[in-house]
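Visitor: Following this line is run12.tsv, made up of TSV, C-alpha atoms:
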```
chain	number	residue	atom	x	y	z
A	1	MET	CA	0.00	0.00	0.00
A	2	ILE	CA	2.68	2.42	1.10
A	3	ALA	CA	4.78	1.38	-1.90
A	4	ALA	CA	1.94	2.19	-4.30
A	5	ILE	CA	1.64	5.65	-2.75
A	6	GLY	CA	5.35	6.24	-3.31
A	7	LEU	CA	5.04	5.18	-6.93
A	8	VAL	CA	2.01	7.40	-7.58
A	9	VAL	CA	3.75	10.36	-5.90
A	10	GLY	CA	6.77	9.80	-8.14
A	11	ILE	CA	4.71	9.70	-11.34
A	12	LEU	CA	2.78	12.82	-10.27
A	13	LEU	CA	6.08	14.55	-9.54
A	14	GLY	CA	7.32	13.66	-13.01
A	15	LEU	CA	4.06	14.89	-14.51
A	16	VAL	CA	4.22	18.21	-12.66
A	17	LEU	CA	7.94	18.91	-12.94
A	18	THR	CA	8.54	17.35	-16.40
A	19	PRO	CA	12.30	17.38	-15.74
A	20	ASP	CA	14.40	18.05	-18.80
A	21	VAL	CA	17.04	15.36	-19.16
A	22	PRO	CA	20.46	16.87	-19.86
A	23	GLN	CA	22.00	15.82	-23.16
A	24	TRP	CA	24.86	13.82	-21.64
A	25	LEU	CA	22.49	11.81	-19.47
A	26	GLU	CA	20.05	10.93	-22.24
A	27	PRO	CA	21.72	7.67	-23.46
A	28	TYR	CA	21.83	6.27	-19.93
A	29	LEU	CA	18.24	6.97	-18.98
A	30	PRO	CA	16.58	3.99	-20.77
A	31	ILE	CA	19.12	1.52	-19.42
A	32	ALA	CA	18.73	3.01	-15.92
A	33	VAL	CA	14.97	2.51	-16.20
A	34	VAL	CA	15.41	-1.14	-17.20
A	35	ALA	CA	17.77	-1.69	-14.27
A	36	ALA	CA	15.29	0.01	-11.94
A	37	LEU	CA	12.50	-2.21	-13.31
A	38	ASP	CA	14.61	-5.25	-12.43
A	39	ALA	CA	15.07	-4.02	-8.86
A	40	VAL	CA	11.37	-3.22	-8.46
A	41	PHE	CA	10.19	-6.61	-9.77
A	42	GLY	CA	12.77	-8.32	-7.56
A	43	ALA	CA	11.37	-6.39	-4.58
A	44	LEU	CA	7.81	-7.32	-5.47
A	45	ARG	CA	8.77	-10.96	-5.66
A	46	ALA	CA	10.60	-10.76	-2.33
A	47	PHE	CA	7.53	-9.11	-0.82
A	48	LEU	CA	5.31	-11.95	-2.02
A	49	ASP	CA	7.88	-14.46	-0.76
A	50	GLY	CA	7.61	-12.69	2.59
A	51	ILE	CA	11.29	-11.80	2.80
A	52	PHE	CA	11.10	-8.16	1.68
A	53	ASN	CA	13.47	-5.73	3.33
A	54	ASP	CA	13.51	-1.97	2.71
A	55	LYS	CA	17.23	-1.56	3.07
A	56	VAL	CA	18.05	-4.33	0.61
A	57	PHE	CA	15.58	-2.87	-1.88
A	58	VAL	CA	17.04	0.64	-1.67
A	59	ILE	CA	20.59	-0.64	-2.02
A	60	SER	CA	19.78	-3.00	-4.89
A	61	PHE	CA	17.85	-0.26	-6.70
A	62	VAL	CA	20.61	2.32	-6.45
A	63	SER	CA	23.41	-0.11	-7.27
A	64	ASN	CA	21.48	-1.57	-10.22
A	65	VAL	CA	20.86	1.85	-11.76
A	66	VAL	CA	24.39	3.09	-11.16
A	67	ILE	CA	26.08	-0.07	-12.43
A	68	ALA	CA	23.92	-0.28	-15.55
A	69	ALA	CA	24.61	3.35	-16.40
A	70	LEU	CA	28.30	2.86	-15.64
A	71	ILE	CA	28.58	-0.16	-17.94
A	72	VAL	CA	26.98	1.74	-20.80
A	73	PHE	CA	29.18	4.77	-20.09
A	74	LEU	CA	32.28	2.57	-20.16
A	75	GLY	CA	31.05	0.91	-23.36
A	76	ASP	CA	30.55	4.32	-24.98
A	77	LYS	CA	34.10	5.29	-24.05
A	78	LEU	CA	35.43	2.01	-25.51
A	79	GLY	CA	33.28	2.27	-28.64
A	80	VAL	CA	31.08	-0.75	-27.84
A	81	GLY	CA	28.25	1.16	-26.12
A	82	ALA	CA	25.48	-0.30	-28.26
A	83	GLN	CA	26.69	-3.89	-27.81
A	84	LEU	CA	27.15	-3.53	-24.06
A	85	SER	CA	23.68	-1.98	-23.66
A	86	THR	CA	22.29	-4.97	-25.56
A	87	GLY	CA	24.13	-7.27	-23.16
A	88	VAL	CA	22.81	-5.40	-20.12
A	89	VAL	CA	19.26	-5.44	-21.46
A	90	VAL	CA	19.47	-9.18	-22.18
A	91	VAL	CA	20.67	-10.03	-18.68
A	92	LEU	CA	18.18	-7.72	-16.97
A	93	GLY	CA	15.44	-8.96	-19.29
A	94	ILE	CA	16.06	-12.56	-18.24
A	95	ARG	CA	15.92	-11.55	-14.59
A	96	ILE	CA	12.74	-9.52	-15.05
A	97	PHE	CA	11.06	-12.38	-16.93
A	98	SER	CA	11.77	-15.01	-14.31
A	99	ASN	CA	10.89	-12.65	-11.45
A	100	VAL	CA	7.57	-11.84	-13.10
A	101	ALA	CA	7.00	-15.57	-13.62
A	102	ALA	CA	7.57	-16.14	-9.89
A	103	ILE	CA	5.18	-13.27	-9.06
A	104	ARG	CA	2.59	-14.81	-11.37
A	105	ARG	CA	2.92	-18.15	-9.57
A	106	HIS	CA	2.33	-16.36	-6.27
A	107	ILE	CA	-0.75	-14.52	-7.45
A	108	PHE	CA	-2.46	-17.17	-9.56
A	109	HIS	CA	-0.88	-20.25	-7.96
A	110	ALA	CA	-0.15	-21.50	-11.46
B	1	MET	CA	21.84	-20.05	0.80
B	2	SER	CA	24.97	-21.50	-0.73
B	3	SER	CA	28.57	-20.56	-0.13
B	4	PRO	CA	30.52	-18.65	-2.79
B	5	ALA	CA	32.52	-21.80	-3.64
B	6	GLU	CA	29.32	-23.74	-4.29
B	7	GLN	CA	27.98	-20.90	-6.41
B	8	GLN	CA	31.16	-20.93	-8.46
B	9	GLN	CA	30.74	-24.67	-8.98
B	10	GLU	CA	27.12	-24.23	-10.03
B	11	ARG	CA	28.01	-21.45	-12.45
B	12	ILE	CA	30.52	-23.70	-14.14
B	13	ARG	CA	28.12	-26.64	-14.20
B	14	VAL	CA	24.95	-25.09	-15.61
B	15	GLY	CA	26.20	-22.36	-17.93
B	16	LEU	CA	25.62	-18.64	-17.81
B	17	ILE	CA	22.03	-18.29	-19.07
B	18	GLU	CA	20.72	-21.09	-16.89
B	19	TYR	CA	22.55	-19.67	-13.87
B	20	LEU	CA	21.14	-16.21	-14.55
B	21	SER	CA	17.58	-17.42	-14.63
B	22	ARG	CA	18.04	-19.45	-11.45
B	23	HIS	CA	19.41	-16.55	-9.41
B	24	THR	CA	17.11	-13.72	-10.29
B	25	LEU	CA	16.40	-12.49	-6.78
B	26	ASP	CA	18.97	-10.53	-4.85
B	27	GLU	CA	20.30	-13.03	-2.40
B	28	ASP	CA	20.50	-10.42	0.35
B	29	TYR	CA	16.72	-10.66	0.78
B	30	ALA	CA	17.03	-14.34	1.69
B	31	ARG	CA	20.15	-13.80	3.77
B	32	ILE	CA	18.63	-11.04	5.91
B	33	ALA	CA	15.39	-12.97	6.31
B	34	ARG	CA	17.44	-15.96	7.51
B	35	ASP	CA	19.82	-14.06	9.78
B	36	ARG	CA	17.37	-11.64	11.43
B	37	PRO	CA	13.86	-13.08	11.18
B	38	GLY	CA	10.89	-11.04	12.39
B	39	ARG	CA	12.78	-7.80	12.73
B	40	ARG	CA	10.72	-4.68	12.08
B	41	SER	CA	12.22	-2.19	9.71
B	42	SER	CA	12.98	1.32	10.91
B	43	TRP	CA	11.07	4.41	9.79
B	44	LEU	CA	14.21	5.65	8.12
B	45	ALA	CA	14.42	2.57	5.87
B	46	THR	CA	10.73	2.85	5.00
B	47	GLY	CA	11.21	6.50	4.11
B	48	ALA	CA	14.20	5.63	1.94
B	49	MET	CA	12.10	2.97	0.19
B	50	LEU	CA	9.35	5.50	-0.48
B	51	VAL	CA	11.85	7.99	-1.87
B	52	THR	CA	13.37	5.27	-4.04
B	53	LEU	CA	9.98	4.32	-5.42
B	54	ALA	CA	9.22	7.98	-6.10
B	55	VAL	CA	12.53	8.27	-7.93
B	56	PHE	CA	11.55	5.17	-9.92
B	57	GLY	CA	8.25	6.79	-10.89
B	58	VAL	CA	10.00	9.96	-12.00
B	59	LEU	CA	12.56	7.92	-13.98
B	60	VAL	CA	9.95	5.89	-15.83
B	61	PHE	CA	7.81	8.92	-16.57
B	62	THR	CA	10.76	11.02	-17.70
B	63	ALA	CA	12.15	8.29	-19.96
B	64	ALA	CA	8.75	7.76	-21.56
B	65	SER	CA	8.04	11.45	-22.11
B	66	GLN	CA	11.57	12.01	-23.40
B	67	THR	CA	11.18	9.23	-25.98
B	68	THR	CA	7.83	10.59	-27.15
B	69	ARG	CA	9.24	14.10	-27.38
B	70	ASN	CA	12.27	12.89	-29.37
B	71	ALA	CA	10.02	10.92	-31.71
B	72	SER	CA	7.83	13.93	-32.44
B	73	THR	CA	10.90	16.12	-32.94
B	74	SER	CA	12.46	13.74	-35.46
B	75	ALA	CA	9.14	13.39	-37.27
B	76	ARG	CA	8.96	17.16	-37.56
B	77	ASP	CA	12.57	17.30	-38.80
B	78	ARG	CA	11.75	14.69	-41.41
B	79	ALA	CA	8.71	16.58	-42.64
B	80	THR	CA	10.76	19.79	-42.89
B	81	LEU	CA	13.46	18.02	-44.89
B	82	ILE	CA	10.93	16.49	-47.26
B	83	ASP	CA	9.39	19.92	-47.81
B	84	GLN	CA	12.81	21.38	-48.55
B	85	VAL	CA	13.62	18.59	-51.02
B	86	ASN	CA	10.34	19.09	-52.84
B	87	ALA	CA	10.82	22.85	-53.01
B	88	ARG	CA	14.34	22.44	-54.41
B	89	ARG	CA	13.13	19.87	-56.92
B	90	ALA	CA	10.47	22.26	-58.15
B	91	THR	CA	13.11	24.98	-58.48
B	92	VAL	CA	15.36	22.70	-60.52
B	93	GLN	CA	12.50	21.79	-62.81
B	94	GLN	CA	11.62	25.44	-63.27
B	95	ARG	CA	15.25	26.32	-64.06
B	96	ASN	CA	15.45	23.46	-66.55
B	97	GLU	CA	12.40	24.75	-68.34
B	98	GLN	CA	13.94	28.21	-68.35
B	99	VAL	CA	17.14	26.79	-69.87
B	100	ARG	CA	15.15	25.03	-72.57
B	101	ALA	CA	13.16	28.18	-73.39
B	102	LEU	CA	16.33	30.27	-73.55
B	103	ARG	CA	18.00	27.75	-75.81
B	104	ARG	CA	15.04	27.80	-78.18
B	105	GLU	CA	15.09	31.58	-78.15
B	106	ASN	CA	18.82	31.53	-78.87
B	107	ASP	CA	18.38	29.22	-81.84
B	108	ARG	CA	15.61	31.40	-83.23
B	109	LEU	CA	17.68	34.56	-82.86
B	110	ASP	CA	20.64	32.82	-84.50
B	111	THR	CA	18.63	31.82	-87.55
B	112	ASP	CA	17.02	35.26	-87.72
B	113	LEU	CA	20.39	36.93	-87.63
B	114	LEU	CA	21.92	34.65	-90.24
B	115	ALA	CA	18.86	34.72	-92.48
B	116	GLY	CA	19.00	38.51	-92.42
B	117	GLN	CA	22.48	38.34	-93.96
B	118	LYS	CA	21.57	35.70	-96.52
B	119	GLY	CA	23.53	37.40	-99.29
B	120	SER	CA	26.76	37.40	-97.30
B	121	ARG	CA	27.24	33.61	-97.47
B	122	VAL	CA	27.39	33.47	-93.65
B	123	PHE	CA	24.05	31.73	-93.42
B	124	GLU	CA	25.02	29.21	-96.07
B	125	ARG	CA	28.35	28.60	-94.38
B	126	ALA	CA	26.69	28.03	-91.01
B	127	GLN	CA	24.19	25.64	-92.60
B	128	ARG	CA	26.95	23.61	-94.23
B	129	LEU	CA	28.97	23.51	-91.03
B	130	SER	CA	25.96	22.41	-89.04
B	131	VAL	CA	25.60	19.38	-91.33
B	132	LEU	CA	29.25	18.47	-90.85
B	133	THR	CA	29.44	19.10	-87.10
B	134	GLY	CA	26.14	17.51	-86.25
B	135	ALA	CA	24.59	20.72	-84.96
B	136	GLY	CA	21.79	20.58	-87.49
B	137	LYS	CA	19.09	18.08	-88.39
B	138	VAL	CA	19.98	16.39	-91.72
B	139	LYS	CA	18.24	14.12	-94.22
B	140	GLY	CA	19.42	12.03	-97.11
B	141	GLN	CA	19.97	8.53	-98.44
B	142	GLY	CA	22.06	5.98	-96.57
B	143	VAL	CA	21.93	2.74	-94.60
B	144	ARG	CA	20.01	1.61	-91.54
B	145	VAL	CA	21.98	-0.89	-89.42
B	146	VAL	CA	20.29	-2.76	-86.58
B	147	VAL	CA	22.58	-4.69	-84.22
B	148	ASP	CA	21.57	-6.65	-81.14
B	149	ASP	CA	22.85	-9.17	-78.61
B	150	ALA	CA	22.89	-12.83	-79.61
B	151	PRO	CA	19.63	-14.64	-78.77
B	152	HIS	CA	19.72	-16.00	-75.19
B	153	ALA	CA	22.91	-14.09	-74.50
B	154	ALA	CA	24.28	-15.14	-71.13
B	155	SER	CA	27.70	-13.55	-70.91
B	156	ASP	CA	29.40	-10.39	-72.16
B	157	ARG	CA	30.93	-12.49	-74.94
B	158	ASN	CA	27.72	-12.62	-76.93
B	159	LYS	CA	26.43	-9.16	-76.15
B	160	VAL	CA	27.04	-5.97	-78.10
B	161	LEU	CA	29.75	-4.05	-76.26
B	162	ASP	CA	30.83	-0.45	-76.56
B	163	SER	CA	33.90	-1.52	-78.52
B	164	ASP	CA	31.69	-3.32	-81.06
B	165	LEU	CA	29.61	-0.19	-81.58
B	166	GLN	CA	32.80	1.88	-81.88
B	167	LYS	CA	34.09	-0.47	-84.58
B	168	LEU	CA	30.79	-0.32	-86.43
B	169	VAL	CA	30.74	3.48	-86.37
B	170	ASN	CA	34.38	3.80	-87.36
B	171	GLY	CA	33.83	1.36	-90.21
B	172	LEU	CA	30.90	3.41	-91.44
B	173	TRP	CA	32.92	6.65	-91.32
B	174	GLU	CA	35.67	4.87	-93.20
B	175	ALA	CA	33.15	3.66	-95.80
B	176	GLY	CA	32.14	7.24	-96.51
B	177	ALA	CA	29.29	8.05	-94.14
B	178	GLU	CA	28.66	11.76	-93.73
B	179	ALA	CA	26.43	11.71	-90.65
B	180	ILE	CA	25.71	8.95	-88.12
B	181	SER	CA	23.29	8.55	-85.27
B	182	ILE	CA	22.77	5.70	-82.77
B	183	ASN	CA	19.27	5.26	-81.34
B	184	GLY	CA	18.55	8.91	-82.05
B	185	GLN	CA	21.84	10.22	-80.62
B	186	ARG	CA	23.69	12.13	-83.33
B	187	LEU	CA	27.43	11.52	-83.32
B	188	THR	CA	29.75	14.51	-83.45
B	189	ASN	CA	33.52	14.58	-83.26
B	190	LEU	CA	33.12	14.99	-79.49
B	191	SER	CA	30.77	12.02	-79.01
B	192	ALA	CA	31.87	9.16	-76.80
B	193	ILE	CA	30.61	5.58	-77.00
B	194	ARG	CA	31.25	4.07	-73.65
B	195	GLN	CA	30.11	1.15	-71.51
B	196	ALA	CA	28.68	2.28	-68.17
B	197	GLY	CA	27.50	-0.68	-66.15
B	198	LEU	CA	24.94	-2.59	-68.15
B	199	ALA	CA	24.14	0.17	-70.64
B	200	ILE	CA	26.18	1.75	-73.39
B	201	ASN	CA	26.37	5.52	-73.10
B	202	VAL	CA	26.42	7.63	-76.24
B	203	ASN	CA	26.68	11.37	-75.69
B	204	TYR	CA	26.39	10.49	-71.98
B	205	ARG	CA	22.89	9.08	-72.56
B	206	PRO	CA	22.35	5.41	-71.70
B	207	LEU	CA	21.03	3.33	-74.61
B	208	THR	CA	19.63	-0.18	-74.64
B	209	ALA	CA	19.69	-2.93	-77.26
B	210	PRO	CA	18.74	-3.20	-80.07
B	211	TYR	CA	20.92	-0.41	-81.42
B	212	THR	CA	19.74	1.28	-84.60
B	213	VAL	CA	22.60	3.02	-86.37
B	214	LEU	CA	21.60	5.41	-89.15
B	215	ALA	CA	24.33	6.54	-91.54
B	216	ILE	CA	23.87	9.04	-94.36
B	217	GLY	CA	26.06	8.48	-97.39
B	218	ASN	CA	26.00	6.96	-100.85
B	219	MET	CA	23.58	4.07	-100.40
B	220	ASN	CA	25.00	2.17	-103.34
B	221	THR	CA	28.59	2.08	-102.13
B	222	LEU	CA	28.26	2.26	-98.31
B	223	PRO	CA	27.44	-1.44	-97.67
B	224	SER	CA	30.13	-2.83	-99.94
B	225	ARG	CA	32.80	-0.40	-98.78
B	226	PHE	CA	31.89	-1.13	-95.16
B	227	ALA	CA	32.35	-4.84	-95.82
B	228	GLU	CA	35.86	-4.13	-97.15
B	229	THR	CA	37.05	-2.28	-94.06
B	230	THR	CA	38.76	-4.17	-91.21
B	231	HIS	CA	35.92	-3.19	-88.88
B	232	GLY	CA	33.43	-4.58	-91.37
B	233	ALA	CA	35.35	-7.85	-91.36
B	234	THR	CA	35.39	-7.87	-87.58
B	235	TRP	CA	31.63	-7.46	-87.53
B	236	PHE	CA	31.23	-10.28	-90.02
B	237	ASP	CA	33.23	-12.46	-87.63
B	238	LEU	CA	31.15	-11.37	-84.65
B	239	GLN	CA	28.02	-12.27	-86.57
B	240	GLN	CA	29.32	-15.71	-87.56
B	241	GLN	CA	31.25	-16.77	-84.47
B	242	VAL	CA	29.42	-15.17	-81.55
B	243	GLY	CA	25.96	-14.85	-83.04
B	244	LEU	CA	25.44	-11.11	-82.67
B	245	ARG	CA	22.52	-9.86	-84.76
B	246	PHE	CA	23.56	-7.55	-87.60
B	247	ASP	CA	21.15	-6.29	-90.18
B	248	MET	CA	22.05	-3.63	-92.78
B	249	LYS	CA	19.44	-2.17	-95.11
B	250	THR	CA	19.66	0.75	-97.51
B	251	ASP	CA	17.19	3.58	-97.07
B	252	ARG	CA	16.31	6.33	-99.53
B	253	ALA	CA	15.15	8.88	-96.98
B	254	LEU	CA	16.83	8.98	-93.60
B	255	VAL	CA	16.38	11.82	-91.12
B	256	LEU	CA	19.04	12.31	-88.43
B	257	PRO	CA	18.40	14.55	-85.44
B	258	ALA	CA	20.71	17.36	-84.36
B	259	ALA	CA	23.19	16.70	-81.55
B	260	ASP	CA	22.05	17.83	-78.11
B	261	GLN	CA	25.14	19.44	-76.79
B	262	LEU	CA	27.83	21.13	-78.76
B	263	SER	CA	29.60	23.16	-76.14
B	264	LEU	CA	33.32	23.76	-76.49
B	265	ARG	CA	34.93	24.44	-73.14
B	266	TYR	CA	38.52	25.14	-74.16
B	267	ALA	CA	38.73	25.84	-77.91
B	268	THR	CA	38.07	29.39	-79.05
B	269	LEU	CA	38.27	31.00	-82.48
B	270	SER	CA	41.68	32.33	-83.52
B	271	LYS	CA	41.30	35.81	-85.00
B	272	GLU	CA	44.21	35.72	-87.53
B	273	GLU	CA	43.12	32.48	-89.16
B	274	HIS	CA	39.55	33.64	-89.58
B	275	ARG	CA	38.64	34.04	-93.21
```
Would you put the structure from the file into structure tokens?

Guide:
Amino acid sequence: MIAAIGLVVGILLGLVLTPDVPQWLEPYLPIAVVAALDAVFGALRAFLDGIFNDKVFVISFVSNVVIAALIVFLGDKLGVGAQLSTGVVVVLGIRIFSNVAAIRRHIFHA
Amino acid sequence: MSSPAEQQQERIRVGLIEYLSRHTLDEDYARIARDRPGRRSSWLATGAMLVTLAVFGVLVFTAASQTTRNASTSARDRATLIDQVNARRATVQQRNEQVRALRRENDRLDTDLLAGQKGSRVFERAQRLSVLTGAGKVKGQGVRVVVDDAPHAASDRNKVLDSDLQKLVNGLWEAGAEAISINGQRLTNLSAIRQAGLAINVNYRPLTAPYTVLAIGNMNTLPSRFAETTHGATWFDLQQQVGLRFDMKTDRALVLPAADQLSLRYATLSKEEHR
């Protein structure tokens, strides 16, 4: 319940402020969002498993976003930015898929 | 859960993808739940979680709106570019028409000027020169030669090449032709017959087979004299050995068009030699 309120507040904030993303940050935003999605789905699964912990969630969220952005940044500097982002998206995609599958099993018992 | 050594073993055993999909949850959740069960979280941690979720909301919303904005911007850019291209194209077309009109006007003025001085032989001289140089439309008797690739031609060997056309034209000049055109392209002393990819370019215009070569000259002697030249012999060989189509007929009334472009870029008239 509390989590949903946080999410809604965030979206409303984005709607009201419509923050302009600086040019240098623009390539890292999508990958940061995917990493954040991974952390959020992981948290949801942990919550349904009954082992959710705020601190772990905050840390995993921040580290996920930072590391994903850092990998892409490094890739851009090395000239393999596109390939590394693909790699990051594949790995995070696998994690998101199996987390969502676990959540589905919790909700529908199927 | 498992010790790092066991994890290492498992990673080696099952492969990367399989390992990834087995360990999707951060293991710290399980570890903390095991080590400190039933411990209430502090208000600070809850607040941090709320802030994090808010940040997540802002991130998702910003990324989405940014993408939409970028898409609309690039669509607008595209539309602007297309408009520009169309405008420029229209301008080019308009200029081309202007060029054509001016050229017609020029020709008319030229003839008017020369016709006005009919007595002074200038007009006559210009007319004669235009026949020789290819600047004027000419008619007369001559031969009509149609050449084409061999039937079911598969390779360059049994197709008409630029060199074959060059030989044919040179043979006809040698046999006494006074004016020649290929598929409606009048040959001048500046004309080039050149292969460009699949097509043969004459006067920088691509032509396709069959090639109709019109040559004005004495229709009684042209065919026989052509056959006597080396190029005529070469063409006879091509016809026999390779199977190229070659068909020469005499014609009493041929009309050859004027050459399109007769612009000299470097040569100018020398005043002393002018008679």

Visitor: Between B:Leu113, B:Leu187, B:Leu254, B:Val58, which one has atoms that come closest to Leu132 (chain B), using all atoms listed in the file?

Guide: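 The answer is B:Leu187, which sits nearest to Leu132 (chain B).
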
Visitor: Quick one: distance from CA of Val33 (chain A) to CA of Gly81 (chain A) in Å, one decimal?

Guide: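 These two atoms are separated by 16.6 Å.
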
Visitor: Between A:His109, A:Arg45, A:Arg104, A:Lys77, which is the closest to chain B once you count only C-alpha atoms?

Guide: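 Among the listed residues, A:Arg45 lies closest to chain B.
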
Visitor: Record the distance separating CA of Thr250 (chain B) and CA of Leu190 (chain B), expressed in Å with one decimal.

Guide: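 Separating CA of Thr250 (chain B) from CA of Leu190 (chain B) is a distance of 26.6 Å.
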
Visitor: Write out as JSON lines the residues of chain A that have any atom within 6 Å of an atom of chain B, one row each with the nearest atom pair and its distance in Å to one decimal, counting only C-alpha atoms, sorted by chain and then rising number.

Guide:
```
{"residue": "A:Gly6", "atom": "CA", "partner": "B:Leu50", "partner_atom": "CA", "distance": 5.0}
{"residue": "A:Leu7", "atom": "CA", "partner": "B:Ala54", "partner_atom": "CA", "distance": 5.1}
{"residue": "A:Val9", "atom": "CA", "partner": "B:Ala54", "partner_atom": "CA", "distance": 6.0}
{"residue": "A:Gly10", "atom": "CA", "partner": "B:Ala54", "partner_atom": "CA", "distance": 3.7}
{"residue": "A:Ile11", "atom": "CA", "partner": "B:Gly57", "partner_atom": "CA", "distance": 4.6}
{"residue": "A:Gly14", "atom": "CA", "partner": "B:Val58", "partner_atom": "CA", "distance": 4.7}
{"residue": "A:Gly42", "atom": "CA", "partner": "B:Leu25", "partner_atom": "CA", "distance": 5.6}
{"residue": "A:Ile51", "atom": "CA", "partner": "B:Ala33", "partner_atom": "CA", "distance": 5.5}
{"residue": "A:Asp54", "atom": "CA", "partner": "B:Ala45", "partner_atom": "CA", "distance": 5.6}
{"residue": "A:Lys55", "atom": "CA", "partner": "B:Ala45", "partner_atom": "CA", "distance": 5.7}
{"residue": "A:Val58", "atom": "CA", "partner": "B:Met49", "partner_atom": "CA", "distance": 5.8}
{"residue": "A:Arg95", "atom": "CA", "partner": "B:Thr24", "partner_atom": "CA", "distance": 5.0}
```

Visitor: I need every residue sitting at most 12 Å from the point (33.0, 2.5, -91.8) (coordinates as in the file, only C-alpha atoms considered), written as an mmCIF file with C-alpha atoms, keeping the file's coordinate frame.

Guide:
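That gives us point-v5.cif:
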```cif
data_model
loop_
_atom_site.group_PDB
_atom_site.id
_atom_site.type_symbol
_atom_site.label_atom_id
_atom_site.label_comp_id
_atom_site.auth_asym_id
_atom_site.auth_seq_id
_atom_site.Cartn_x
_atom_site.Cartn_y
_atom_site.Cartn_z
ATOM 1 C CA VAL B 143 21.930 2.740 -94.600
ATOM 2 C CA VAL B 145 21.980 -0.890 -89.420
ATOM 3 C CA LEU B 165 29.610 -0.190 -81.580
ATOM 4 C CA GLN B 166 32.800 1.880 -81.880
ATOM 5 C CA LYS B 167 34.090 -0.470 -84.580
ATOM 6 C CA LEU B 168 30.790 -0.320 -86.430
ATOM 7 C CA VAL B 169 30.740 3.480 -86.370
ATOM 8 C CA ASN B 170 34.380 3.800 -87.360
ATOM 9 C CA GLY B 171 33.830 1.360 -90.210
ATOM 10 C CA LEU B 172 30.900 3.410 -91.440
ATOM 11 C CA TRP B 173 32.920 6.650 -91.320
ATOM 12 C CA GLU B 174 35.670 4.870 -93.200
ATOM 13 C CA ALA B 175 33.150 3.660 -95.800
ATOM 14 C CA GLY B 176 32.140 7.240 -96.510
ATOM 15 C CA ALA B 177 29.290 8.050 -94.140
ATOM 16 C CA GLU B 178 28.660 11.760 -93.730
ATOM 17 C CA ALA B 179 26.430 11.710 -90.650
ATOM 18 C CA ILE B 180 25.710 8.950 -88.120
ATOM 19 C CA VAL B 213 22.600 3.020 -86.370
ATOM 20 C CA ALA B 215 24.330 6.540 -91.540
ATOM 21 C CA ILE B 216 23.870 9.040 -94.360
ATOM 22 C CA GLY B 217 26.060 8.480 -97.390
ATOM 23 C CA THR B 221 28.590 2.080 -102.130
ATOM 24 C CA LEU B 222 28.260 2.260 -98.310
ATOM 25 C CA PRO B 223 27.440 -1.440 -97.670
ATOM 26 C CA SER B 224 30.130 -2.830 -99.940
ATOM 27 C CA ARG B 225 32.800 -0.400 -98.780
ATOM 28 C CA PHE B 226 31.890 -1.130 -95.160
ATOM 29 C CA ALA B 227 32.350 -4.840 -95.820
ATOM 30 C CA GLU B 228 35.860 -4.130 -97.150
ATOM 31 C CA THR B 229 37.050 -2.280 -94.060
ATOM 32 C CA THR B 230 38.760 -4.170 -91.210
ATOM 33 C CA HIS B 231 35.920 -3.190 -88.880
ATOM 34 C CA GLY B 232 33.430 -4.580 -91.370
ATOM 35 C CA ALA B 233 35.350 -7.850 -91.360
ATOM 36 C CA THR B 234 35.390 -7.870 -87.580
ATOM 37 C CA TRP B 235 31.630 -7.460 -87.530
#
```

Visitor: Grab the CA of Asp260 (chain B) to CA of Arg245 (chain B) distance for me, in Å with one decimal place.

Guide: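 One can read the CA of Asp260 (chain B) to CA of Arg245 (chain B) distance as 28.5 Å.
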
Visitor: Counting only C-alpha atoms, which of A:Ser85, A:Ala3, A:Pro19, A:Leu48 gets nearest to Leu70 (chain A)?

Guide: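 Going through A:Ser85, A:Ala3, A:Pro19, A:Leu48 one by one, the smallest distance to Leu70 (chain A) is for A:Ser85.
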
Visitor: With 9 Å as the threshold, what does the neighbourhood of (20.0, 24.1, -81.2) contain in terms of residues, counting all atoms listed in the file? Coordinates are those of the file; answer as a PyMOL selection string.

Guide: chain B and resi 103-104+106-108+135-136+258-262

Visitor: Could you name the residues that touch Gln83 (chain A) at 12 Å or less, counting only C-alpha atoms, but leaving out those on the same chain fewer than 6 positions away, as a PDB file with C-alpha atoms, in the frame of the given file?

Guide:
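File part-v2.pdb, as written:
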```pdb
ATOM      1  CA  ILE A  71      28.580  -0.160 -17.940  1.00  0.00           C
ATOM      2  CA  VAL A  72      26.980   1.740 -20.800  1.00  0.00           C
ATOM      3  CA  PHE A  73      29.180   4.770 -20.090  1.00  0.00           C
ATOM      4  CA  LEU A  74      32.280   2.570 -20.160  1.00  0.00           C
ATOM      5  CA  GLY A  75      31.050   0.910 -23.360  1.00  0.00           C
ATOM      6  CA  ASP A  76      30.550   4.320 -24.980  1.00  0.00           C
ATOM      7  CA  VAL A  89      19.260  -5.440 -21.460  1.00  0.00           C
ATOM      8  CA  VAL A  90      19.470  -9.180 -22.180  1.00  0.00           C
TER       9      VAL A  90
END
```

Visitor: Taking 4 positions as the minimum chain separation for residues in the same chain, which residues sit within 9 Å of region 147-155 of chain B when counting all atoms listed in the file? Answer as a list of chain:residue names.

Guide: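 So the residues in contact are B:Lys159, B:Val160, B:Leu161, B:Leu165, B:Ala209, B:Pro210, B:Tyr211, B:Thr212, B:Val213, B:Gln239, B:Val242, B:Gly243, B:Leu244, B:Arg245, B:Phe246, B:Asp247, B:Met248.
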
Visitor: Restricting the calculation to only C-alpha atoms, which member of B:Val255, B:Gln127, B:Asn96, B:Gly197 is positioned closest to Asp110 (chain B)?

Guide: B:Gln127

Visitor: So which one's closest to Arg252 (chain B), B:Ser74, B:Gln185, B:Leu264, B:Lys139? Using all atoms listed in the file, please.

Guide: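 Closest to Arg252 (chain B) of all the choices is B:Lys139.
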